[in-house]
Amino acid sequence: MDDRLARFSESISFDHRLYKQDIRGSIAHAQMLCRQKLLNQAEFDAIQRELLDIESVLDRGEMPFKIELEDIHMHIEQALIDRLGDVGRKLHTARSRNDQVSTDIRLWVRDSLDQVDGLLKNLQRAFLKRCIVDANVIVPAYTHMQRAQPVLAAHYWLAYVEKFARDRGRVADCRRRVNVCPLGGAAVAGTSLPIDRSYSAELLGFDEVAANSIDISSDRDFAVESVFVLTMIAEHLSGWAEEWILWSTTEFGFLKLPHAFCTGSSIMPQKVNPDTLELTRGKSARVIGNLQTLLVLLKGLPLAYNRDLQEDKPPLFDSFDTVIACLELATPIVEQAELQPAVINARLDQGYLDATALMETLIARGMPQRTAHHKVGALVAIAKSRGVPLNELTDAELISVDATLDASIRSTLGVAGAIKSYVSFGSSNPELVETQVENWNKRLA
Ligand code: ARG
């Protein structure tokens, strides 16, 4: 092989990360070969012993990587042959690197998905703890980044708990399709040797055996799907990061970020910069890009294995690394940030957050919605022209808009009244929010 091709085609520089999965897969394969009398017991024992020792060499970082050996599969097999000669040469019986690499990646993705699920659960718990810490704090909810209606801070935090719950649901769905065993598909058509695919699948903890050897050789759906799941997590984290960057500005003043996760400026002594959140927002771009890379990589590939597939690993690994790093930092930030109720409360009467609750009071009294919307709009206009909140309108001003607007409507004015007036399931009604917090506490226990 020309050196230039060796350098061009190697994957050891990135697929060495699969060594534990490769060794686990090889031991299971050898154990199956032994049960099927394709290896004898002494041969299996020697193969298992040496593979475990090769693993410890790799653990210590003591295996020299050579591009002529292309990938981690060949490095491990060659090390085995160096130690065992012909017995080592038997390991690759009824196997191809095509089913081997797919097995290794699936084992790696399965473990990594479990890690992501655990990190998402920790993040959900951090938001849930905030619901207790910030109990009774009312914040404005925004639509179009304009003040819309008052909500409990806990209701806000639960919105993120829900998003991460859907992410965890996608992790679980994806894991089911990842956890299917390709081993024994061989190169593309299966094998004439008497293997037992169910047994190797069972040894590796797979739930099912993939049913078509041609599909096995070509399938990377599970890689794309897992990167999509990660992309959705990155999108959620990016939106949250953007929001908390805004909330921590002097202009908002809603939130104090923990200084251990912020940086300063070399020239401006007063600066506390939200770099972790900015990088979380920025790194989502890589994950989105990786999804695109995988989709384009697979587009138009004929059956079955094509060497293009070797390019699946860098975007796959990078997506997991990036999202795991973001999740590891998000949790302590959520735990340690401090909401600033004094600042938030001081401005809660700005933005007419109670206008919708007032409109709904009029509707409940029998006024058509469009009319009520118009009347409250007129009240807001009067209040705005005087620079006062709705509950400072005079009786005369109320009556001037509609004869039925007497002082009794005042009970729904102000943000606290508006919060209590919500009744629908999923709303920010304090009792409903408390029930949701209790339910989530049970679900995440
Ligand atoms: N390094 C290759 C990859 O990652 C291993 C599979 C190679 N198979 C082959 N038939 N050349 O895809």
# chains A, B, ... in the order shown; residues from 1 in each chain; ligands from 1
$ closest_atom_pairs --of "chain A" --to "ligand 1" --cutoff "7 Å" --atoms "only C-alpha atoms and all ligand atoms" --output "Markdown table"
| residue | atom | partner | partner_atom_place_in_ligand_line | distance |
| --- | --- | --- | --- | --- |
| A:Ser11 | CA | ligand 1 | 1 (N) | 5.6 |
| A:Glu70 | CA | ligand 1 | 1 (N) | 6.4 |
| A:Asp71 | CA | ligand 1 | 1 (N) | 5.1 |
| A:Arg97 | CA | ligand 1 | 6 (C) | 4.7 |
| A:Asn98 | CA | ligand 1 | 8 (N) | 5.1 |
| A:Val101 | CA | ligand 1 | 5 (C) | 5.9 |
| A:Tyr305 | CA | ligand 1 | 10 (N) | 6.9 |
| A:Arg307 | CA | ligand 1 | 12 (O) | 5.8 |
| A:Leu309 | CA | ligand 1 | 12 (O) | 5.2 |
| A:Gln310 | CA | ligand 1 | 12 (O) | 3.6 |
$ write_last_selection --atoms "C-alpha atoms" --output "compact mmCIF listing (two decimals), in the first residue's frame"
# COMPACT_ATOMS: atom_id res chain seq x y z
CA SER A 11 -9.23 5.29 11.27
CA GLU A 70 -5.75 0.90 9.77
CA ASP A 71 -8.16 0.55 12.67
CA ARG A 97 -15.02 -6.14 10.09
CA ASN A 98 -18.35 -5.04 8.62
CA VAL A 101 -17.51 -2.43 13.52
CA TYR A 305 -20.85 -1.82 3.33
CA ARG A 307 -15.83 2.52 3.02
CA LEU A 309 -19.13 4.45 6.46
CA GLN A 310 -15.81 4.81 8.24
$ residues_around --residues "Ala234 in chain A" --least-positions-apart "5" --cutoff "9 Å" --atoms "only C-alpha atoms" --output "PyMOL selection string"
chain A and resi 229+239+280-281+283-285+287-288+322-323+326-327
$ write_last_selection --atoms "N, CA, C and O atoms" --output "CSV table (one decimal), in the first residue's frame"
chain,number,residue,atom,x,y,z
A,229,VAL,N,-31.1,12.7,18.3
A,229,VAL,CA,-31.6,12.8,19.7
A,229,VAL,C,-30.7,13.8,20.5
A,229,VAL,O,-31.1,14.7,21.2
A,239,GLY,N,-31.3,27.1,23.8
A,239,GLY,CA,-32.4,28.0,24.1
A,239,GLY,C,-32.4,28.4,25.6
A,239,GLY,O,-32.5,29.6,25.9
A,280,THR,N,-22.2,26.8,25.5
A,280,THR,CA,-23.3,25.8,25.3
A,280,THR,C,-24.2,26.2,24.1
A,280,THR,O,-24.5,25.3,23.3
A,281,ARG,N,-24.5,27.5,24.0
A,281,ARG,CA,-25.2,27.9,22.8
A,281,ARG,C,-24.4,27.7,21.6
A,281,ARG,O,-24.9,27.2,20.5
A,283,LYS,N,-21.8,25.6,21.0
A,283,LYS,CA,-21.5,24.2,20.7
A,283,LYS,C,-22.7,23.5,20.0
A,283,LYS,O,-22.5,22.5,19.4
A,284,SER,N,-23.9,24.0,20.2
A,284,SER,CA,-25.0,23.4,19.6
A,284,SER,C,-24.8,23.4,18.1
A,284,SER,O,-25.3,22.5,17.4
A,285,ALA,N,-24.1,24.4,17.5
A,285,ALA,CA,-23.8,24.5,16.1
A,285,ALA,C,-23.1,23.2,15.6
A,285,ALA,O,-23.4,22.7,14.5
A,287,VAL,N,-23.1,20.2,16.9
A,287,VAL,CA,-24.0,19.0,16.9
A,287,VAL,C,-24.9,19.0,15.8
A,287,VAL,O,-25.2,18.0,15.1
A,288,ILE,N,-25.5,20.2,15.5
A,288,ILE,CA,-26.4,20.3,14.3
A,288,ILE,C,-25.6,20.0,13.1
A,288,ILE,O,-26.1,19.3,12.2
A,322,THR,N,-19.7,16.5,23.0
A,322,THR,CA,-20.1,17.9,23.2
A,322,THR,C,-21.4,17.9,24.1
A,322,THR,O,-21.4,18.7,25.0
A,323,VAL,N,-22.3,17.1,23.8
A,323,VAL,CA,-23.6,17.2,24.6
A,323,VAL,C,-23.3,16.7,26.0
A,323,VAL,O,-23.9,17.3,27.0
A,326,CYS,N,-21.7,19.6,27.8
A,326,CYS,CA,-22.7,20.7,28.1
A,326,CYS,C,-23.6,20.3,29.3
A,326,CYS,O,-23.9,21.1,30.1
A,327,LEU,N,-24.1,19.1,29.3
A,327,LEU,CA,-25.0,18.6,30.3
A,327,LEU,C,-24.3,18.6,31.7
A,327,LEU,O,-24.8,19.0,32.7
$ select_by_dssp --residues "range 250-419 of chain A" --states "helix (DSSP H, G or I)" --output "compact mmCIF listing (two decimals) with N, CA and C atoms, in the first residue's frame"
# COMPACT_ATOMS: atom_id res chain seq x y z
N HIS A 259 -20.32 32.37 40.00
CA HIS A 259 -19.07 32.89 39.45
C HIS A 259 -18.09 31.80 39.02
N ALA A 260 -18.19 30.62 39.65
CA ALA A 260 -17.27 29.54 39.27
C ALA A 260 -17.48 29.10 37.81
N PHE A 261 -18.63 29.46 37.25
CA PHE A 261 -18.91 29.07 35.86
C PHE A 261 -18.97 30.30 34.94
N ASP A 275 -19.66 32.82 30.01
CA ASP A 275 -19.03 32.03 28.94
C ASP A 275 -19.55 30.60 28.82
N THR A 276 -19.84 29.98 29.96
CA THR A 276 -20.31 28.58 29.88
C THR A 276 -21.62 28.52 29.08
N LEU A 277 -22.49 29.48 29.36
CA LEU A 277 -23.77 29.49 28.64
C LEU A 277 -23.57 29.86 27.17
N GLU A 278 -22.65 30.78 26.92
CA GLU A 278 -22.39 31.15 25.52
C GLU A 278 -21.82 29.97 24.75
N LEU A 279 -20.90 29.23 25.39
CA LEU A 279 -20.32 28.06 24.70
C LEU A 279 -21.36 26.96 24.52
N THR A 280 -22.25 26.82 25.49
CA THR A 280 -23.32 25.84 25.35
C THR A 280 -24.16 26.18 24.12
N ARG A 281 -24.48 27.46 23.98
CA ARG A 281 -25.23 27.93 22.82
C ARG A 281 -24.40 27.71 21.55
N GLY A 282 -23.12 28.06 21.62
CA GLY A 282 -22.25 27.95 20.45
C GLY A 282 -22.00 26.51 20.02
N LYS A 283 -21.81 25.63 21.00
CA LYS A 283 -21.48 24.24 20.67
C LYS A 283 -22.66 23.51 20.04
N SER A 284 -23.87 24.01 20.22
CA SER A 284 -25.02 23.36 19.56
C SER A 284 -24.81 23.36 18.05
N ALA A 285 -24.10 24.37 17.54
CA ALA A 285 -23.85 24.45 16.10
C ALA A 285 -23.09 23.22 15.61
N ARG A 286 -22.13 22.74 16.41
CA ARG A 286 -21.36 21.56 15.99
C ARG A 286 -22.24 20.34 15.92
N VAL A 287 -23.12 20.21 16.89
CA VAL A 287 -23.96 19.01 16.94
C VAL A 287 -24.94 19.02 15.76
N ILE A 288 -25.50 20.19 15.49
CA ILE A 288 -26.41 20.32 14.33
C ILE A 288 -25.64 19.99 13.05
N GLY A 289 -24.41 20.50 12.96
CA GLY A 289 -23.58 20.22 11.78
C GLY A 289 -23.26 18.74 11.65
N ASN A 290 -23.01 18.07 12.78
CA ASN A 290 -22.70 16.63 12.75
C ASN A 290 -23.88 15.83 12.22
N LEU A 291 -25.08 16.23 12.57
CA LEU A 291 -26.28 15.54 12.07
C LEU A 291 -26.34 15.65 10.55
N GLN A 292 -26.09 16.86 10.07
CA GLN A 292 -26.07 17.10 8.62
C GLN A 292 -24.99 16.24 7.96
N THR A 293 -23.81 16.17 8.58
CA THR A 293 -22.70 15.38 8.03
C THR A 293 -23.12 13.92 7.86
N LEU A 294 -23.76 13.37 8.88
CA LEU A 294 -24.14 11.95 8.81
C LEU A 294 -25.22 11.72 7.75
N LEU A 295 -26.18 12.63 7.69
CA LEU A 295 -27.25 12.46 6.70
C LEU A 295 -26.68 12.50 5.29
N VAL A 296 -25.77 13.43 5.05
CA VAL A 296 -25.20 13.54 3.70
C VAL A 296 -24.29 12.35 3.41
N LEU A 297 -23.57 11.87 4.44
CA LEU A 297 -22.69 10.72 4.28
C LEU A 297 -23.46 9.50 3.76
N LEU A 298 -24.65 9.28 4.28
CA LEU A 298 -25.40 8.07 3.95
C LEU A 298 -26.23 8.21 2.69
N ARG A 307 -16.84 1.95 2.12
CA ARG A 307 -15.83 2.52 3.02
C ARG A 307 -16.20 3.91 3.53
N ASP A 308 -17.10 4.59 2.79
CA ASP A 308 -17.61 5.88 3.28
C ASP A 308 -18.03 5.78 4.74
N LEU A 309 -18.56 4.61 5.11
CA LEU A 309 -19.13 4.45 6.46
C LEU A 309 -18.11 4.68 7.57
N GLN A 310 -16.84 4.54 7.23
CA GLN A 310 -15.81 4.81 8.24
C GLN A 310 -15.89 6.26 8.75
N GLU A 311 -16.43 7.13 7.90
CA GLU A 311 -16.53 8.55 8.26
C GLU A 311 -17.67 8.83 9.26
N ASP A 312 -18.37 7.77 9.67
CA ASP A 312 -19.48 7.99 10.62
C ASP A 312 -18.98 8.36 12.01
N LYS A 313 -17.75 7.89 12.35
CA LYS A 313 -17.36 7.97 13.75
C LYS A 313 -17.01 9.37 14.26
N PRO A 314 -16.22 10.18 13.52
CA PRO A 314 -15.91 11.50 14.09
C PRO A 314 -17.16 12.33 14.45
N PRO A 315 -18.15 12.45 13.55
CA PRO A 315 -19.32 13.25 13.96
C PRO A 315 -20.13 12.60 15.08
N LEU A 316 -20.15 11.27 15.10
CA LEU A 316 -20.88 10.57 16.16
C LEU A 316 -20.22 10.81 17.52
N PHE A 317 -18.91 10.58 17.59
CA PHE A 317 -18.19 10.77 18.85
C PHE A 317 -18.27 12.23 19.31
N ASP A 318 -18.08 13.13 18.36
CA ASP A 318 -18.06 14.55 18.71
C ASP A 318 -19.41 14.99 19.28
N SER A 319 -20.49 14.44 18.73
CA SER A 319 -21.82 14.84 19.22
C SER A 319 -22.00 14.39 20.67
N PHE A 320 -21.62 13.15 20.95
CA PHE A 320 -21.74 12.67 22.34
C PHE A 320 -20.83 13.49 23.26
N ASP A 321 -19.58 13.69 22.85
CA ASP A 321 -18.64 14.43 23.71
C ASP A 321 -19.18 15.82 24.02
N THR A 322 -19.70 16.47 22.99
CA THR A 322 -20.14 17.86 23.15
C THR A 322 -21.36 17.94 24.05
N VAL A 323 -22.35 17.09 23.79
CA VAL A 323 -23.59 17.18 24.58
C VAL A 323 -23.34 16.74 26.02
N ILE A 324 -22.50 15.73 26.20
CA ILE A 324 -22.19 15.28 27.57
C ILE A 324 -21.49 16.41 28.34
N ALA A 325 -20.55 17.08 27.69
CA ALA A 325 -19.84 18.20 28.36
C ALA A 325 -20.82 19.32 28.72
N CYS A 326 -21.73 19.62 27.81
CA CYS A 326 -22.72 20.70 28.08
C CYS A 326 -23.62 20.30 29.25
N LEU A 327 -24.07 19.05 29.25
CA LEU A 327 -24.97 18.61 30.33
C LEU A 327 -24.25 18.61 31.68
N GLU A 328 -22.97 18.21 31.67
CA GLU A 328 -22.23 18.18 32.93
C GLU A 328 -22.11 19.57 33.55
N LEU A 329 -22.06 20.59 32.72
CA LEU A 329 -21.94 21.96 33.24
C LEU A 329 -23.30 22.59 33.52
N ALA A 330 -24.32 22.18 32.78
CA ALA A 330 -25.65 22.80 32.96
C ALA A 330 -26.17 22.56 34.37
N THR A 331 -25.99 21.33 34.88
CA THR A 331 -26.57 20.99 36.18
C THR A 331 -26.05 21.87 37.32
N PRO A 332 -24.73 22.03 37.50
CA PRO A 332 -24.31 22.92 38.59
C PRO A 332 -24.72 24.37 38.38
N ILE A 333 -24.83 24.80 37.15
CA ILE A 333 -25.28 26.19 36.93
C ILE A 333 -26.73 26.34 37.38
N VAL A 334 -27.57 25.36 37.01
CA VAL A 334 -28.98 25.43 37.42
C VAL A 334 -29.08 25.35 38.94
N GLU A 335 -28.23 24.51 39.56
CA GLU A 335 -28.29 24.37 41.02
C GLU A 335 -27.84 25.64 41.73
N GLN A 336 -26.82 26.28 41.19
CA GLN A 336 -26.18 27.37 41.95
C GLN A 336 -26.61 28.78 41.56
N PRO A 341 -35.56 37.85 43.40
CA PRO A 341 -36.97 38.22 43.53
C PRO A 341 -37.18 39.73 43.75
N ALA A 342 -36.24 40.38 44.45
CA ALA A 342 -36.44 41.81 44.72
C ALA A 342 -36.50 42.59 43.40
N VAL A 343 -35.55 42.27 42.50
CA VAL A 343 -35.52 42.97 41.20
C VAL A 343 -36.75 42.60 40.37
N ILE A 344 -37.09 41.32 40.40
CA ILE A 344 -38.23 40.86 39.59
C ILE A 344 -39.53 41.51 40.09
N ASN A 345 -39.73 41.48 41.41
CA ASN A 345 -40.97 42.01 41.99
C ASN A 345 -41.13 43.50 41.74
N ALA A 346 -40.00 44.21 41.81
CA ALA A 346 -40.07 45.67 41.66
C ALA A 346 -40.64 46.08 40.31
N ALA A 355 -53.59 41.91 32.26
CA ALA A 355 -54.65 42.29 31.31
C ALA A 355 -55.46 41.08 30.84
N THR A 356 -54.80 39.97 30.60
CA THR A 356 -55.53 38.79 30.09
C THR A 356 -56.48 38.24 31.15
N ALA A 357 -56.01 38.24 32.42
CA ALA A 357 -56.87 37.74 33.51
C ALA A 357 -58.11 38.63 33.63
N LEU A 358 -57.91 39.94 33.50
CA LEU A 358 -59.06 40.86 33.56
C LEU A 358 -60.03 40.57 32.41
N MET A 359 -59.48 40.40 31.23
CA MET A 359 -60.34 40.09 30.08
C MET A 359 -61.15 38.82 30.35
N GLU A 360 -60.51 37.82 30.92
CA GLU A 360 -61.23 36.55 31.16
C GLU A 360 -62.31 36.72 32.23
N THR A 361 -62.10 37.64 33.19
CA THR A 361 -63.15 37.93 34.18
C THR A 361 -64.39 38.47 33.47
N LEU A 362 -64.17 39.37 32.53
CA LEU A 362 -65.31 39.95 31.80
C LEU A 362 -66.01 38.89 30.96
N ILE A 363 -65.22 37.99 30.37
CA ILE A 363 -65.83 36.90 29.58
C ILE A 363 -66.68 36.02 30.49
N ALA A 364 -66.15 35.73 31.69
CA ALA A 364 -66.88 34.88 32.64
C ALA A 364 -68.21 35.54 33.05
N GLN A 369 -65.86 37.50 23.89
CA GLN A 369 -64.39 37.62 23.98
C GLN A 369 -63.86 38.84 23.22
N ARG A 370 -64.32 39.01 21.99
CA ARG A 370 -63.77 40.12 21.19
C ARG A 370 -64.06 41.47 21.84
N THR A 371 -65.26 41.58 22.44
CA THR A 371 -65.63 42.84 23.10
C THR A 371 -64.76 43.05 24.33
N ALA A 372 -64.61 41.98 25.12
CA ALA A 372 -63.80 42.08 26.34
C ALA A 372 -62.36 42.45 26.00
N HIS A 373 -61.83 41.85 24.94
CA HIS A 373 -60.47 42.16 24.49
C HIS A 373 -60.35 43.65 24.17
N HIS A 374 -61.37 44.18 23.48
CA HIS A 374 -61.38 45.58 23.07
C HIS A 374 -61.45 46.50 24.29
N LYS A 375 -62.34 46.15 25.25
CA LYS A 375 -62.52 47.00 26.45
C LYS A 375 -61.24 47.03 27.29
N VAL A 376 -60.63 45.87 27.49
CA VAL A 376 -59.40 45.85 28.30
C VAL A 376 -58.28 46.59 27.56
N GLY A 377 -58.29 46.47 26.24
CA GLY A 377 -57.31 47.22 25.44
C GLY A 377 -57.47 48.72 25.68
N ALA A 378 -58.74 49.18 25.79
CA ALA A 378 -59.00 50.60 26.03
C ALA A 378 -58.51 51.00 27.43
N LEU A 379 -58.72 50.09 28.41
CA LEU A 379 -58.23 50.38 29.77
C LEU A 379 -56.70 50.48 29.79
N VAL A 380 -56.05 49.55 29.08
CA VAL A 380 -54.58 49.57 29.03
C VAL A 380 -54.11 50.89 28.40
N ALA A 381 -54.84 51.34 27.39
CA ALA A 381 -54.43 52.60 26.74
C ALA A 381 -54.51 53.77 27.72
N ILE A 382 -55.61 53.81 28.52
CA ILE A 382 -55.75 54.90 29.50
C ILE A 382 -54.62 54.80 30.54
N ALA A 383 -54.40 53.56 31.04
CA ALA A 383 -53.37 53.37 32.07
C ALA A 383 -52.00 53.76 31.54
N LYS A 384 -51.73 53.35 30.29
CA LYS A 384 -50.42 53.68 29.69
C LYS A 384 -50.25 55.19 29.58
N SER A 385 -51.34 55.89 29.20
CA SER A 385 -51.22 57.33 28.99
C SER A 385 -50.93 58.04 30.32
N ARG A 386 -51.36 57.41 31.42
CA ARG A 386 -51.05 58.02 32.73
C ARG A 386 -49.81 57.39 33.37
N LEU A 390 -52.86 48.75 35.83
CA LEU A 390 -54.33 48.69 35.75
C LEU A 390 -54.99 48.90 37.11
N ASN A 391 -54.37 48.40 38.19
CA ASN A 391 -55.06 48.53 39.48
C ASN A 391 -54.98 49.93 40.08
N GLU A 392 -54.37 50.87 39.36
CA GLU A 392 -54.41 52.26 39.83
C GLU A 392 -55.38 53.11 39.01
N ASP A 395 -62.18 54.59 39.67
CA ASP A 395 -63.52 54.04 39.37
C ASP A 395 -64.11 54.73 38.14
N ALA A 396 -63.93 56.04 38.06
CA ALA A 396 -64.48 56.81 36.94
C ALA A 396 -63.88 56.35 35.62
N GLU A 397 -62.58 56.05 35.64
CA GLU A 397 -61.92 55.59 34.40
C GLU A 397 -62.44 54.21 33.99
N LEU A 398 -62.67 53.35 34.98
CA LEU A 398 -63.20 52.01 34.68
C LEU A 398 -64.58 52.14 34.03
N ILE A 399 -65.43 52.90 34.66
CA ILE A 399 -66.82 53.06 34.18
C ILE A 399 -66.83 53.72 32.80
N SER A 400 -65.86 54.59 32.55
CA SER A 400 -65.86 55.30 31.26
C SER A 400 -65.70 54.33 30.09
N VAL A 401 -65.10 53.19 30.34
CA VAL A 401 -64.88 52.21 29.27
C VAL A 401 -66.09 51.28 29.13
N ALA A 407 -65.98 48.45 40.86
CA ALA A 407 -64.79 48.19 41.68
C ALA A 407 -64.55 46.70 41.92
N SER A 408 -65.58 45.85 41.74
CA SER A 408 -65.41 44.42 42.04
C SER A 408 -64.39 43.73 41.14
N ILE A 409 -64.16 44.30 39.98
CA ILE A 409 -63.16 43.65 39.10
C ILE A 409 -61.74 43.82 39.64
N ARG A 410 -61.56 44.68 40.62
CA ARG A 410 -60.20 44.93 41.12
C ARG A 410 -59.56 43.67 41.73
N SER A 411 -60.42 42.76 42.19
CA SER A 411 -59.85 41.56 42.83
C SER A 411 -59.01 40.72 41.85
N THR A 412 -59.28 40.84 40.57
CA THR A 412 -58.47 40.05 39.62
C THR A 412 -57.23 40.81 39.16
N VAL A 415 -50.60 40.88 39.73
CA VAL A 415 -50.12 39.57 39.26
C VAL A 415 -50.56 38.41 40.17
N ALA A 416 -50.65 38.69 41.49
CA ALA A 416 -51.00 37.59 42.39
C ALA A 416 -52.42 37.11 42.09
N GLY A 417 -53.32 38.06 41.86
CA GLY A 417 -54.70 37.72 41.53
C GLY A 417 -54.76 36.94 40.22
N ALA A 418 -53.96 37.38 39.25
CA ALA A 418 -53.96 36.72 37.94
C ALA A 418 -53.51 35.27 38.06
N ILE A 419 -52.46 35.03 38.86
CA ILE A 419 -51.94 33.66 39.04
C ILE A 419 -53.03 32.75 39.60
$ select_by_dssp --residues "range 1-236 of chain A" --states "strand (DSSP E)" --output "number ranges by chain"
A: 138-143, 146-152, 180-181, 208-209
$ atom_distance --atom1 "CA of Val161 in chain A" --atom2 "CA of Ala337 in chain A"
16.6 Å
$ residues_around --residues "Asp196 in chain A" --least-positions-apart "4" --cutoff "8 Å" --atoms "only C-alpha atoms" --output "number ranges by chain"
A: 32, 36, 200
$ residues_around --residues "Arg4 in chain A" --least-positions-apart "4" --cutoff "12 Å" --atoms "only C-alpha atoms" --output "PyMOL selection string"
chain A and resi 8-10+67-68
$ residues_around --residues "Ala186 in chain A" --least-positions-apart "4" --cutoff "10 Å" --atoms "only C-alpha atoms" --output "list in words"
His92, Thr93, Ala94, Arg95, Ser96, Arg97, Asn98, Asp99, Gln100, Pro182, Gly190, Thr191, Ser213, Ile214, Ile216 and Ser217 of chain A
$ closest_residue --among "A:Phe14, A:Leu123, A:Leu84, A:Ile72" --to "Glu43 in chain A" --atoms "only C-alpha atoms"
A:Leu84
$ closest_residue --among "A:Ala165, A:Arg110, A:Gln124, A:Ile245" --to "Cys262 in chain A" --atoms "only C-alpha atoms"
A:Ile245
$ residues_around --residues "Asp104 in chain A" --least-positions-apart "4" --cutoff "8 Å" --atoms "only C-alpha atoms" --output "list in words"
Leu18, Gln21, Asp22, Gly25, Gln100 and Trp108 of chain A
$ write_last_selection --atoms "C-alpha atoms" --output "tab-separated table (two decimals), in the first residue's frame"
chain	number	residue	atom	x	y	z
A	18	LEU	CA	-13.86	1.56	20.59
A	21	GLN	CA	-16.31	-2.62	22.95
A	22	ASP	CA	-14.15	-4.40	20.38
A	25	GLY	CA	-17.45	-8.22	21.21
A	100	GLN	CA	-17.66	-6.22	13.87
A	108	TRP	CA	-20.47	2.24	22.45
$ atom_distance --atom1 "CA of His16 in chain A" --atom2 "CA of Glu77 in chain A"
13.1 Å
$ residues_around --residues "Ile138 in chain A" --least-positions-apart "5" --cutoff "7 Å" --atoms "only C-alpha atoms" --output "ChimeraX atom specification"
/A:150-153
$ write_last_selection --atoms "N, CA, C and O atoms" --output "mmCIF file, in the first residue's frame"
data_model
loop_
_atom_site.group_PDB
_atom_site.id
_atom_site.type_symbol
_atom_site.label_atom_id
_atom_site.label_comp_id
_atom_site.auth_asym_id
_atom_site.auth_seq_id
_atom_site.Cartn_x
_atom_site.Cartn_y
_atom_site.Cartn_z
ATOM 1 N N PRO A 150 -48.287 36.682 33.952
ATOM 2 C CA PRO A 150 -47.477 36.265 35.102
ATOM 3 C C PRO A 150 -47.559 34.756 35.286
ATOM 4 O O PRO A 150 -48.612 34.150 35.057
ATOM 5 N N VAL A 151 -46.451 34.160 35.711
ATOM 6 C CA VAL A 151 -46.419 32.716 36.029
ATOM 7 C C VAL A 151 -45.537 32.521 37.261
ATOM 8 O O VAL A 151 -44.735 33.397 37.595
ATOM 9 N N LEU A 152 -45.671 31.385 37.877
ATOM 10 C CA LEU A 152 -44.754 31.051 38.965
ATOM 11 C C LEU A 152 -43.401 30.663 38.363
ATOM 12 O O LEU A 152 -43.351 30.001 37.319
ATOM 13 N N ALA A 153 -42.329 31.042 39.041
ATOM 14 C CA ALA A 153 -40.994 30.632 38.578
ATOM 15 C C ALA A 153 -40.951 29.105 38.455
ATOM 16 O O ALA A 153 -40.377 28.552 37.511
#
$ atom_distance --atom1 "CA of Arg83 in chain A" --atom2 "CA of Glu50 in chain A"
7.5 Å
$ closest_residue --among "A:Leu38, A:Val137, A:Met145, A:Ile233" --to "Leu91 in chain A" --atoms "only C-alpha atoms"
A:Leu38
